[in-house]
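Student: File final.txt follows (compact mmCIF, C-alpha atoms):
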# COMPACT_ATOMS: atom_id res chain seq x y z
CA SER A 1 -51.24 27.49 37.29
CA ARG A 2 -53.80 24.79 36.46
CA THR A 3 -56.15 27.38 34.99
CA ASN A 4 -53.72 29.88 33.51
CA ILE A 5 -51.23 27.45 32.00
CA GLY A 6 -53.11 24.15 31.78
CA GLY A 7 -56.35 25.73 30.61
CA THR A 8 -54.64 27.82 27.96
CA ALA A 9 -52.63 24.84 26.70
CA LEU A 10 -55.81 22.76 26.49
CA LEU A 11 -57.61 25.49 24.56
CA LEU A 12 -54.80 25.74 22.04
CA ASP A 13 -54.65 21.95 21.70
CA ILE A 14 -58.37 21.92 20.85
CA LEU A 15 -57.93 24.74 18.36
CA ALA A 16 -55.05 22.89 16.72
CA ASN A 17 -56.73 19.51 16.45
CA ARG A 18 -60.46 20.04 16.11
CA SER A 19 -62.73 21.80 13.69
CA HIS A 20 -63.80 25.24 14.92
CA LYS A 21 -64.78 28.74 13.82
CA VAL A 22 -62.50 30.67 16.18
CA GLN A 23 -60.78 33.51 14.34
CA LYS A 24 -59.12 35.36 17.19
CA VAL A 25 -57.89 34.82 20.74
CA VAL A 26 -57.66 37.83 23.08
CA LEU A 27 -55.66 37.10 26.22
CA ALA A 28 -56.33 38.93 29.48
CA SER A 29 -52.75 39.15 30.69
CA SER A 30 -51.36 41.21 33.54
CA ARG A 31 -48.98 44.04 34.31
CA SER A 32 -47.51 41.72 36.95
CA ILE A 33 -45.23 40.19 34.32
CA TYR A 34 -43.16 43.41 34.39
CA GLY A 35 -42.24 43.14 38.05
CA GLU A 36 -41.06 46.59 39.07
CA GLY A 37 -41.27 48.02 35.58
CA ALA A 38 -39.37 51.02 34.25
CA TYR A 39 -37.41 53.67 36.13
CA ASP A 40 -35.07 56.49 35.18
CA CYS A 41 -31.66 56.94 36.81
CA PRO A 42 -30.04 60.41 36.62
CA VAL A 43 -26.76 58.76 35.60
CA CYS A 44 -27.60 55.47 33.88
CA GLY A 45 -30.82 56.43 32.11
CA ARG A 46 -33.65 53.90 31.73
CA VAL A 47 -33.24 50.94 34.08
CA PHE A 48 -35.37 48.01 35.19
CA PRO A 49 -34.70 47.19 38.85
CA LYS A 50 -35.32 43.77 40.31
CA SER A 51 -37.67 43.16 43.21
CA ARG A 52 -36.64 44.52 46.59
CA THR A 53 -34.97 42.04 48.89
CA ALA A 54 -36.18 40.95 52.32
CA ALA A 55 -33.23 42.78 53.86
CA GLU A 56 -34.17 46.03 52.10
CA LEU A 57 -37.81 45.78 53.10
CA SER A 58 -37.05 44.89 56.72
CA SER A 59 -34.84 48.01 56.84
CA GLU A 60 -37.74 50.08 55.45
CA MET A 61 -35.82 50.88 52.27
CA TRP A 62 -39.07 51.30 50.36
CA GLU A 63 -37.92 53.19 47.28
CA LEU A 64 -35.86 51.51 44.59
CA ARG A 65 -32.32 52.35 43.57
CA CYS A 66 -30.48 51.98 40.29
CA PRO A 67 -29.28 48.40 39.81
CA LYS A 68 -26.13 49.75 38.13
CA CYS A 69 -24.96 52.70 40.26
CA GLY A 70 -27.15 52.59 43.35
CA LEU A 71 -28.60 56.08 43.02
CA PRO A 72 -32.29 56.77 43.69
CA VAL A 73 -34.47 56.27 40.60
CA LYS A 74 -37.79 57.72 39.44
CA CYS A 75 -40.67 55.58 38.21
CA VAL A 76 -41.72 56.23 34.60
CA ALA A 77 -44.46 54.75 32.43
CA THR A 78 -43.77 51.11 31.61
CA ALA A 79 -43.95 50.23 27.92
CA GLU A 80 -44.62 46.80 26.46
CA ASP A 81 -40.96 46.26 25.57
CA CYS A 82 -39.95 46.37 29.23
CA PRO A 83 -38.10 43.14 30.09
CA ALA A 84 -40.35 40.59 31.75
CA SER A 85 -39.48 40.05 35.40
CA PRO A 86 -42.32 38.21 37.20
CA ALA A 87 -41.98 38.32 40.97
CA SER A 88 -44.74 35.86 41.88
CA ILE A 89 -46.09 32.51 40.77
CA TYR A 90 -49.18 34.23 39.43
CA ALA A 91 -47.06 36.60 37.33
CA ALA A 92 -45.03 33.68 35.99
CA THR A 93 -48.22 31.88 34.94
CA LYS A 94 -49.46 34.98 33.10
CA LEU A 95 -46.15 35.21 31.24
CA SER A 96 -46.44 31.51 30.36
CA GLN A 97 -49.93 32.20 28.99
CA GLU A 98 -48.49 34.90 26.75
CA HIS A 99 -45.88 32.48 25.41
CA LEU A 100 -48.54 29.86 24.74
CA VAL A 101 -50.93 32.27 23.01
CA GLY A 102 -48.02 33.53 20.94
CA VAL A 103 -48.13 30.31 18.91
CA GLY A 104 -51.65 31.18 17.73
CA SER A 105 -50.33 32.61 14.49
CA ALA A 106 -48.95 29.17 13.63
CA LEU A 107 -52.53 27.89 13.91
CA GLY A 108 -53.82 30.56 11.58
CA ILE A 109 -55.59 32.36 14.42
CA ALA A 110 -55.13 36.05 15.18
CA THR A 111 -54.01 36.82 18.73
CA VAL A 112 -54.00 39.93 20.89
CA ILE A 113 -52.37 40.11 24.30
CA LEU A 114 -53.74 42.77 26.66
CA ARG A 115 -51.79 43.49 29.82
CA PHE A 116 -54.31 44.77 32.35
CA GLN A 117 -53.22 47.11 35.12
CA ASN A 118 -55.06 47.19 38.48
CA VAL A 119 -58.65 46.65 37.36
CA TYR A 120 -61.47 47.67 39.70
CA GLY A 121 -65.17 48.39 39.47
CA GLU A 122 -68.70 47.25 39.93
CA GLY A 123 -69.15 43.50 40.02
CA GLN A 124 -65.76 42.50 41.39
CA SER A 125 -65.65 39.97 44.21
CA LEU A 126 -65.95 41.46 47.69
CA LYS A 127 -65.47 38.09 49.42
CA ASN A 128 -61.95 37.17 48.40
CA PRO A 129 -59.14 39.18 50.07
CA TYR A 130 -56.83 38.25 47.19
CA THR A 131 -58.91 39.98 44.50
CA GLY A 132 -57.61 43.49 45.12
CA ILE A 133 -57.18 46.20 47.70
CA LEU A 134 -60.49 47.88 46.90
CA SER A 135 -62.39 44.78 48.01
CA ILE A 136 -60.34 44.67 51.19
CA PHE A 137 -60.65 48.39 51.89
CA SER A 138 -64.39 48.59 51.19
CA ASN A 139 -65.18 45.70 53.54
CA ARG A 140 -63.10 47.11 56.38
CA ILE A 141 -64.50 50.60 55.95
CA ARG A 142 -68.09 49.34 56.08
CA LEU A 143 -67.33 47.22 59.14
CA GLY A 144 -65.88 50.24 60.92
CA LYS A 145 -62.40 48.72 60.96
CA THR A 146 -59.16 50.55 60.35
CA VAL A 147 -57.67 50.45 56.88
CA PHE A 148 -54.01 49.57 57.19
CA LEU A 149 -51.51 50.40 54.45
CA PHE A 150 -48.41 48.39 53.69
CA GLU A 151 -44.99 50.01 53.77
CA ASP A 152 -45.43 53.80 54.00
CA GLY A 153 -48.62 53.97 51.94
CA LYS A 154 -46.87 55.81 49.12
CA GLU A 155 -46.56 52.82 46.81
CA SER A 156 -48.46 53.51 43.61
CA ARG A 157 -50.47 51.58 41.04
CA ASP A 158 -52.32 52.21 37.79
CA PHE A 159 -56.02 51.83 38.68
CA VAL A 160 -58.22 51.34 35.62
CA HIS A 161 -62.00 51.06 35.73
CA VAL A 162 -63.57 47.87 34.40
CA SER A 163 -65.62 49.77 31.80
CA ASP A 164 -62.42 51.05 30.19
CA VAL A 165 -61.00 47.52 30.24
CA ALA A 166 -64.17 46.19 28.60
CA ASN A 167 -63.88 48.85 25.92
CA ALA A 168 -60.29 47.83 25.20
CA VAL A 169 -61.32 44.18 24.85
CA CYS A 170 -64.13 45.11 22.46
CA LEU A 171 -61.79 47.22 20.34
CA ALA A 172 -59.25 44.38 20.16
CA THR A 173 -61.97 41.88 19.25
CA GLU A 174 -63.85 43.91 16.67
CA THR A 175 -60.91 45.26 14.65
CA THR A 176 -57.75 43.79 13.18
CA ASP A 177 -55.53 46.74 14.12
CA ALA A 178 -54.16 45.06 17.23
CA ASP A 179 -53.73 41.56 15.79
CA GLY A 180 -50.36 40.10 16.74
CA LYS A 181 -49.70 42.88 19.25
CA THR A 182 -49.15 43.05 23.00
CA LEU A 183 -50.75 46.14 24.53
CA ASN A 184 -51.04 47.74 27.94
CA VAL A 185 -54.52 48.53 29.25
CA GLY A 186 -54.62 51.06 32.05
CA SER A 187 -55.34 54.65 33.02
CA GLY A 188 -51.76 55.72 32.39
CA VAL A 189 -51.77 57.49 35.77
CA PRO A 190 -49.91 56.39 38.93
CA THR A 191 -51.98 56.69 42.11
CA SER A 192 -50.74 56.08 45.64
CA VAL A 193 -52.48 53.46 47.73
CA SER A 194 -53.06 56.02 50.47
CA LEU A 195 -54.90 58.31 48.06
CA VAL A 196 -57.07 55.43 46.88
CA ALA A 197 -57.98 54.56 50.48
CA ARG A 198 -58.98 58.16 51.23
CA CYS A 199 -60.93 58.50 48.01
CA LEU A 200 -62.84 55.27 48.64
CA SER A 201 -63.63 56.25 52.24
CA LYS A 202 -65.08 59.53 51.00
CA SER A 203 -67.13 57.83 48.30
CA LEU A 204 -68.54 55.39 50.86
CA GLY A 205 -69.49 58.28 53.16
CA PHE A 206 -66.95 57.62 55.90
CA VAL A 207 -64.39 59.98 57.38
CA GLN A 208 -61.47 57.75 58.15
CA GLU A 209 -57.75 58.20 57.76
CA PRO A 210 -55.86 55.05 56.79
CA VAL A 211 -53.05 53.96 59.08
CA VAL A 212 -49.57 53.21 57.79
CA SER A 213 -48.56 49.82 59.18
CA GLY A 214 -44.95 49.50 58.07
CA ASP A 215 -45.70 45.89 57.16
CA TYR A 216 -44.53 44.55 53.81
CA ARG A 217 -44.97 41.57 51.55
CA LEU A 218 -42.15 39.99 49.58
CA GLY A 219 -42.74 40.33 45.85
CA ASP A 220 -44.87 43.48 46.10
CA ILE A 221 -43.89 46.12 43.61
CA ARG A 222 -43.23 49.69 44.67
CA HIS A 223 -44.53 51.60 41.67
CA CYS A 224 -45.84 50.85 38.20
CA TYR A 225 -48.08 52.51 35.66
CA ALA A 226 -48.78 51.90 32.00
CA ASP A 227 -47.41 53.57 28.92
CA LEU A 228 -50.50 53.73 26.68
CA THR A 229 -48.75 54.94 23.53
CA ARG A 230 -49.14 51.67 21.64
CA ILE A 231 -52.77 50.95 22.46
CA GLN A 232 -53.71 54.53 21.61
CA ALA A 233 -51.99 54.19 18.24
CA ALA A 234 -53.37 50.73 17.46
CA LEU A 235 -56.92 51.03 18.77
CA ASN A 236 -57.42 54.72 19.47
CA PHE A 237 -57.99 53.67 23.08
CA VAL A 238 -58.32 56.45 25.64
CA PRO A 239 -59.50 55.71 29.20
CA THR A 240 -62.59 57.75 30.09
CA VAL A 241 -63.24 57.00 33.78
CA GLY A 242 -61.15 59.07 36.17
CA LEU A 243 -60.32 57.93 39.69
CA GLU A 244 -62.94 59.96 41.59
CA ASP A 245 -65.72 59.04 39.16
CA GLY A 246 -64.67 55.41 39.20
CA MET A 247 -64.57 55.30 43.00
CA ASP A 248 -68.01 56.87 43.21
CA ARG A 249 -69.41 54.31 40.79
CA PHE A 250 -67.74 51.47 42.66
CA ALA A 251 -68.94 52.78 46.04
CA ARG A 252 -72.55 53.12 44.86
CA TRP A 253 -72.50 49.49 43.78
CA VAL A 254 -70.78 48.33 46.98
CA LYS A 255 -73.56 49.90 49.04
CA THR A 256 -76.05 47.59 47.32
CA GLN A 257 -74.08 44.51 48.33
CA PRO A 258 -74.09 42.65 51.67
CA VAL A 259 -71.18 43.41 53.99
CA GLU A 260 -68.82 40.46 53.74
CA GLN A 261 -66.85 38.89 56.56
CA ASP A 262 -63.41 40.44 56.82
CA GLN A 263 -60.83 37.76 56.05
CA LEU A 264 -57.78 40.00 55.80
CA ASP A 265 -56.27 38.87 59.10
CA LEU A 266 -56.44 35.24 58.01
CA ALA A 267 -54.96 36.01 54.60
CA ASN A 268 -52.11 37.99 56.17
CA GLN A 269 -51.37 35.22 58.66
CA GLN A 270 -51.12 32.74 55.81
CA LEU A 271 -48.54 34.97 54.15
CA VAL A 272 -46.62 35.29 57.43
CA ASP A 273 -46.64 31.52 57.85
CA ARG A 274 -45.21 31.13 54.36
CA GLY A 275 -42.46 33.67 55.03
CA LEU A 276 -43.87 36.12 52.46
CA MET A 277 -44.88 38.89 54.85
CA SER A 278 -43.27 40.70 57.75
CA PRO A 279 -44.20 38.96 61.01
CA ARG A 280 -45.85 41.90 62.75
CA ASP A 281 -49.21 42.27 64.43
CA SER A 282 -50.45 45.39 62.68
CA PHE A 283 -53.89 44.14 61.72
CA PRO A 284 -55.97 43.88 64.89
CA CYS A 285 -59.70 43.26 64.55
Could you render the structure as structure tokens?
Tutor:
Amino acid sequence: SRTNIGGTALLLDILANRSHKVQKVVLASSRSIYGEGAYDCPVCGRVFPKSRTAAELSSEMWELRCPKCGLPVKCVATAEDCPASPASIYAATKLSQEHLVGVGSALGIATVILRFQNVYGEGQSLKNPYTGILSIFSNRIRLGKTVFLFEDGKESRDFVHVSDVANAVCLATETTDADGKTLNVGSGVPTSVSLVARCLSKSLGFVQEPVVSGDYRLGDIRHCYADLTRIQAALNFVPTVGLEDGMDRFARWVKTQPVEQDQLDLANQQLVDRGLMSPRDSFPC
């Protein structure tokens, strides 16, 4: 919060009260502000379920149901007008950033808010277990450890390669077509975590099947992927790096890096201690 909220507020204060040449602010926001995102109910139509409860997760009720009638729902692409429903402190700070940056127009500065999906690629941190599942998976695979999947492994995300994200930022910076807009940046494709684990193992040259743990973390979303209609219309943005190509590129880079100490067990224990993760012992060394 100190960086996301305090840093953004400080930047805007400087822009408001000091001489500068800044003409535009592009915010790297996050899909996390959506929470679960958009789903379709066969009876109620488009709905936006809240996060799953501890009782639901402990009963292994992984898939969401309609918040109105209780029927099973199907995940659909989440558009930018989806109601914000942050399910973590991080998500709340990203939404606060968006609100702060939104006052940029009052300062005479153009603003663009880009909501990144699950960004991965060469150069990401391999040391921090909180930076994404690909860092976690790649370290465990190279150490010969089992890759464990939360829930049933069928939860899905929108994985977008960093080069596509960089392209979106350049487009938003170099043109005025996105000024004042909030836009999703992703691949527009939902991919299960189990498929990502298998694809990464193959790219790294290992034959290893991930193991479903049945563990869960409070606040984790079940499914979400981006509706890219608006960014395609505003910036002619089309992602160019598919999952297999992106994994191969990521794996080639990973192989040039030192194998980092696996800190997943410690990170998981911290979540258990805080009551944010199921208290099971599914992550042996």
Student: Closest to Phe116 (chain A) among A:Leu218, A:Leu204, A:Ala168, A:Val22, using only C-alpha atoms?
Tutor: A:Ala168
Student: When you look at region 43-60 of chain A with a cut-off of 9 Å (counting all atoms listed in the file), what residues show up, excluding the ones that are within fewer than 3 positions of it in the same chain? I need them as a PyMOL selection string.
Tutor: chain A and resi 35-40+63-69+71+73+76+82-83+85+87+151-152+214-222+278
Student: Extract, using all atoms listed in the file, all DNA, RNA and protein residues at most 7 Å from region 238-252 of chain A, discarding same-chain residues fewer than 5 positions from it, and format them as a count of residues only.
Tutor: 10
Student: I'd like the neighbourhood of Val101 (chain A) as a VMD selection string, where a residue qualifies if any of its atoms comes within 12 Å (using all atoms listed in the file), though same-chain residues fewer than 3 positions away should be ignored.
Tutor: chain A and resid 4 to 5 7 to 13 15 24 to 29 94 to 98 104 to 114 180 to 182
Student: Quick one: distance from CA of Cys170 (chain A) to CA of Ala84 (chain A) in Å, one decimal?
Tutor: 25.9 Å
Student: So that I can see what lies close to Val162 (chain A), please list as a count of residues only the residues with an atom at most 7 Å from it, counting all atoms listed in the file and leaving out residues fewer than 2 positions away in the same chain.
Tutor: 7
Student: What gap, in Å, lies between CA of Leu235 (chain A) and CA of Ala178 (chain A)?
Tutor: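 Distance between the two atoms: 6.8 Å.
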Student: Could I see region 171-204 of chain A restored to N, CA and C atoms, set down as a PDB file, in the coordinates of the input?
Tutor:
ATOM      1  N   LEU A 171     -62.568  46.660  21.447  1.00  0.00           N
ATOM      2  CA  LEU A 171     -61.790  47.220  20.340  1.00  0.00           C
ATOM      3  C   LEU A 171     -60.838  46.174  19.753  1.00  0.00           C
ATOM      4  N   ALA A 172     -60.189  45.407  20.629  1.00  0.00           N
ATOM      5  CA  ALA A 172     -59.250  44.380  20.160  1.00  0.00           C
ATOM      6  C   ALA A 172     -59.960  43.253  19.442  1.00  0.00           C
ATOM      7  N   THR A 173     -61.195  42.981  19.842  1.00  0.00           N
ATOM      8  CA  THR A 173     -61.970  41.880  19.250  1.00  0.00           C
ATOM      9  C   THR A 173     -62.575  42.260  17.906  1.00  0.00           C
ATOM     10  N   GLU A 174     -63.057  43.502  17.820  1.00  0.00           N
ATOM     11  CA  GLU A 174     -63.850  43.910  16.670  1.00  0.00           C
ATOM     12  C   GLU A 174     -63.033  44.460  15.505  1.00  0.00           C
ATOM     13  N   THR A 175     -61.749  44.754  15.729  1.00  0.00           N
ATOM     14  CA  THR A 175     -60.910  45.260  14.650  1.00  0.00           C
ATOM     15  C   THR A 175     -59.687  44.354  14.491  1.00  0.00           C
ATOM     16  N   THR A 176     -58.973  44.565  13.410  1.00  0.00           N
ATOM     17  CA  THR A 176     -57.750  43.790  13.180  1.00  0.00           C
ATOM     18  C   THR A 176     -56.494  44.601  13.484  1.00  0.00           C
ATOM     19  N   ASP A 177     -56.666  45.830  13.949  1.00  0.00           N
ATOM     20  CA  ASP A 177     -55.530  46.740  14.120  1.00  0.00           C
ATOM     21  C   ASP A 177     -54.570  46.312  15.224  1.00  0.00           C
ATOM     22  N   ALA A 178     -55.035  45.492  16.146  1.00  0.00           N
ATOM     23  CA  ALA A 178     -54.160  45.060  17.230  1.00  0.00           C
ATOM     24  C   ALA A 178     -53.690  43.617  17.074  1.00  0.00           C
ATOM     25  N   ASP A 179     -54.093  42.965  15.980  1.00  0.00           N
ATOM     26  CA  ASP A 179     -53.730  41.560  15.790  1.00  0.00           C
ATOM     27  C   ASP A 179     -52.218  41.379  15.844  1.00  0.00           C
ATOM     28  N   GLY A 180     -51.782  40.398  16.616  1.00  0.00           N
ATOM     29  CA  GLY A 180     -50.360  40.100  16.740  1.00  0.00           C
ATOM     30  C   GLY A 180     -49.624  41.014  17.701  1.00  0.00           C
ATOM     31  N   LYS A 181     -50.344  41.913  18.374  1.00  0.00           N
ATOM     32  CA  LYS A 181     -49.700  42.880  19.250  1.00  0.00           C
ATOM     33  C   LYS A 181     -49.926  42.561  20.727  1.00  0.00           C
ATOM     34  N   THR A 182     -49.019  43.071  21.541  1.00  0.00           N
ATOM     35  CA  THR A 182     -49.150  43.050  23.000  1.00  0.00           C
ATOM     36  C   THR A 182     -49.314  44.479  23.458  1.00  0.00           C
ATOM     37  N   LEU A 183     -50.404  44.756  24.203  1.00  0.00           N
ATOM     38  CA  LEU A 183     -50.750  46.140  24.530  1.00  0.00           C
ATOM     39  C   LEU A 183     -51.107  46.290  25.998  1.00  0.00           C
ATOM     40  N   ASN A 184     -50.642  47.387  26.583  1.00  0.00           N
ATOM     41  CA  ASN A 184     -51.040  47.740  27.940  1.00  0.00           C
ATOM     42  C   ASN A 184     -52.465  48.272  27.958  1.00  0.00           C
ATOM     43  N   VAL A 185     -53.193  47.957  29.028  1.00  0.00           N
ATOM     44  CA  VAL A 185     -54.520  48.530  29.250  1.00  0.00           C
ATOM     45  C   VAL A 185     -54.534  49.109  30.662  1.00  0.00           C
ATOM     46  N   GLY A 186     -54.622  50.425  30.746  1.00  0.00           N
ATOM     47  CA  GLY A 186     -54.620  51.060  32.050  1.00  0.00           C
ATOM     48  C   GLY A 186     -55.140  52.476  31.951  1.00  0.00           C
ATOM     49  N   SER A 187     -54.963  53.228  33.029  1.00  0.00           N
ATOM     50  CA  SER A 187     -55.340  54.650  33.020  1.00  0.00           C
ATOM     51  C   SER A 187     -54.170  55.509  32.591  1.00  0.00           C
ATOM     52  N   GLY A 188     -52.956  54.947  32.708  1.00  0.00           N
ATOM     53  CA  GLY A 188     -51.760  55.720  32.390  1.00  0.00           C
ATOM     54  C   GLY A 188     -51.385  56.707  33.480  1.00  0.00           C
ATOM     55  N   VAL A 189     -51.998  56.554  34.667  1.00  0.00           N
ATOM     56  CA  VAL A 189     -51.770  57.490  35.770  1.00  0.00           C
ATOM     57  C   VAL A 189     -51.378  56.708  37.024  1.00  0.00           C
ATOM     58  N   PRO A 190     -50.254  57.049  37.669  1.00  0.00           N
ATOM     59  CA  PRO A 190     -49.910  56.390  38.930  1.00  0.00           C
ATOM     60  C   PRO A 190     -50.660  57.024  40.094  1.00  0.00           C
ATOM     61  N   THR A 191     -51.228  56.192  40.958  1.00  0.00           N
ATOM     62  CA  THR A 191     -51.980  56.690  42.110  1.00  0.00           C
ATOM     63  C   THR A 191     -51.511  55.956  43.354  1.00  0.00           C
ATOM     64  N   SER A 192     -51.217  56.709  44.406  1.00  0.00           N
ATOM     65  CA  SER A 192     -50.740  56.080  45.640  1.00  0.00           C
ATOM     66  C   SER A 192     -51.866  55.308  46.306  1.00  0.00           C
ATOM     67  N   VAL A 193     -51.497  54.270  47.019  1.00  0.00           N
ATOM     68  CA  VAL A 193     -52.480  53.460  47.730  1.00  0.00           C
ATOM     69  C   VAL A 193     -53.171  54.279  48.810  1.00  0.00           C
ATOM     70  N   SER A 194     -52.438  55.183  49.440  1.00  0.00           N
ATOM     71  CA  SER A 194     -53.060  56.020  50.470  1.00  0.00           C
ATOM     72  C   SER A 194     -54.124  56.929  49.893  1.00  0.00           C
ATOM     73  N   LEU A 195     -53.899  57.465  48.702  1.00  0.00           N
ATOM     74  CA  LEU A 195     -54.900  58.310  48.060  1.00  0.00           C
ATOM     75  C   LEU A 195     -56.135  57.495  47.705  1.00  0.00           C
ATOM     76  N   VAL A 196     -55.948  56.293  47.220  1.00  0.00           N
ATOM     77  CA  VAL A 196     -57.070  55.430  46.880  1.00  0.00           C
ATOM     78  C   VAL A 196     -57.918  55.137  48.126  1.00  0.00           C
ATOM     79  N   ALA A 197     -57.256  54.851  49.243  1.00  0.00           N
ATOM     80  CA  ALA A 197     -57.980  54.560  50.480  1.00  0.00           C
ATOM     81  C   ALA A 197     -58.812  55.756  50.920  1.00  0.00           C
ATOM     82  N   ARG A 198     -58.249  56.955  50.837  1.00  0.00           N
ATOM     83  CA  ARG A 198     -58.980  58.160  51.230  1.00  0.00           C
ATOM     84  C   ARG A 198     -60.153  58.431  50.290  1.00  0.00           C
ATOM     85  N   CYS A 199     -59.897  58.247  49.008  1.00  0.00           N
ATOM     86  CA  CYS A 199     -60.930  58.500  48.010  1.00  0.00           C
ATOM     87  C   CYS A 199     -62.098  57.531  48.183  1.00  0.00           C
ATOM     88  N   LEU A 200     -61.792  56.269  48.459  1.00  0.00           N
ATOM     89  CA  LEU A 200     -62.840  55.270  48.640  1.00  0.00           C
ATOM     90  C   LEU A 200     -63.630  55.544  49.917  1.00  0.00           C
ATOM     91  N   SER A 201     -62.939  55.917  50.987  1.00  0.00           N
ATOM     92  CA  SER A 201     -63.630  56.250  52.240  1.00  0.00           C
ATOM     93  C   SER A 201     -64.626  57.380  52.016  1.00  0.00           C
ATOM     94  N   LYS A 202     -64.202  58.396  51.292  1.00  0.00           N
ATOM     95  CA  LYS A 202     -65.080  59.530  51.000  1.00  0.00           C
ATOM     96  C   LYS A 202     -66.276  59.098  50.172  1.00  0.00           C
ATOM     97  N   SER A 203     -66.045  58.274  49.166  1.00  0.00           N
ATOM     98  CA  SER A 203     -67.130  57.830  48.300  1.00  0.00           C
ATOM     99  C   SER A 203     -68.139  56.971  49.062  1.00  0.00           C
ATOM    100  N   LEU A 204     -67.662  56.232  50.067  1.00  0.00           N
ATOM    101  CA  LEU A 204     -68.540  55.390  50.860  1.00  0.00           C
ATOM    102  C   LEU A 204     -69.221  56.169  51.993  1.00  0.00           C
TER     103      LEU A 204
END
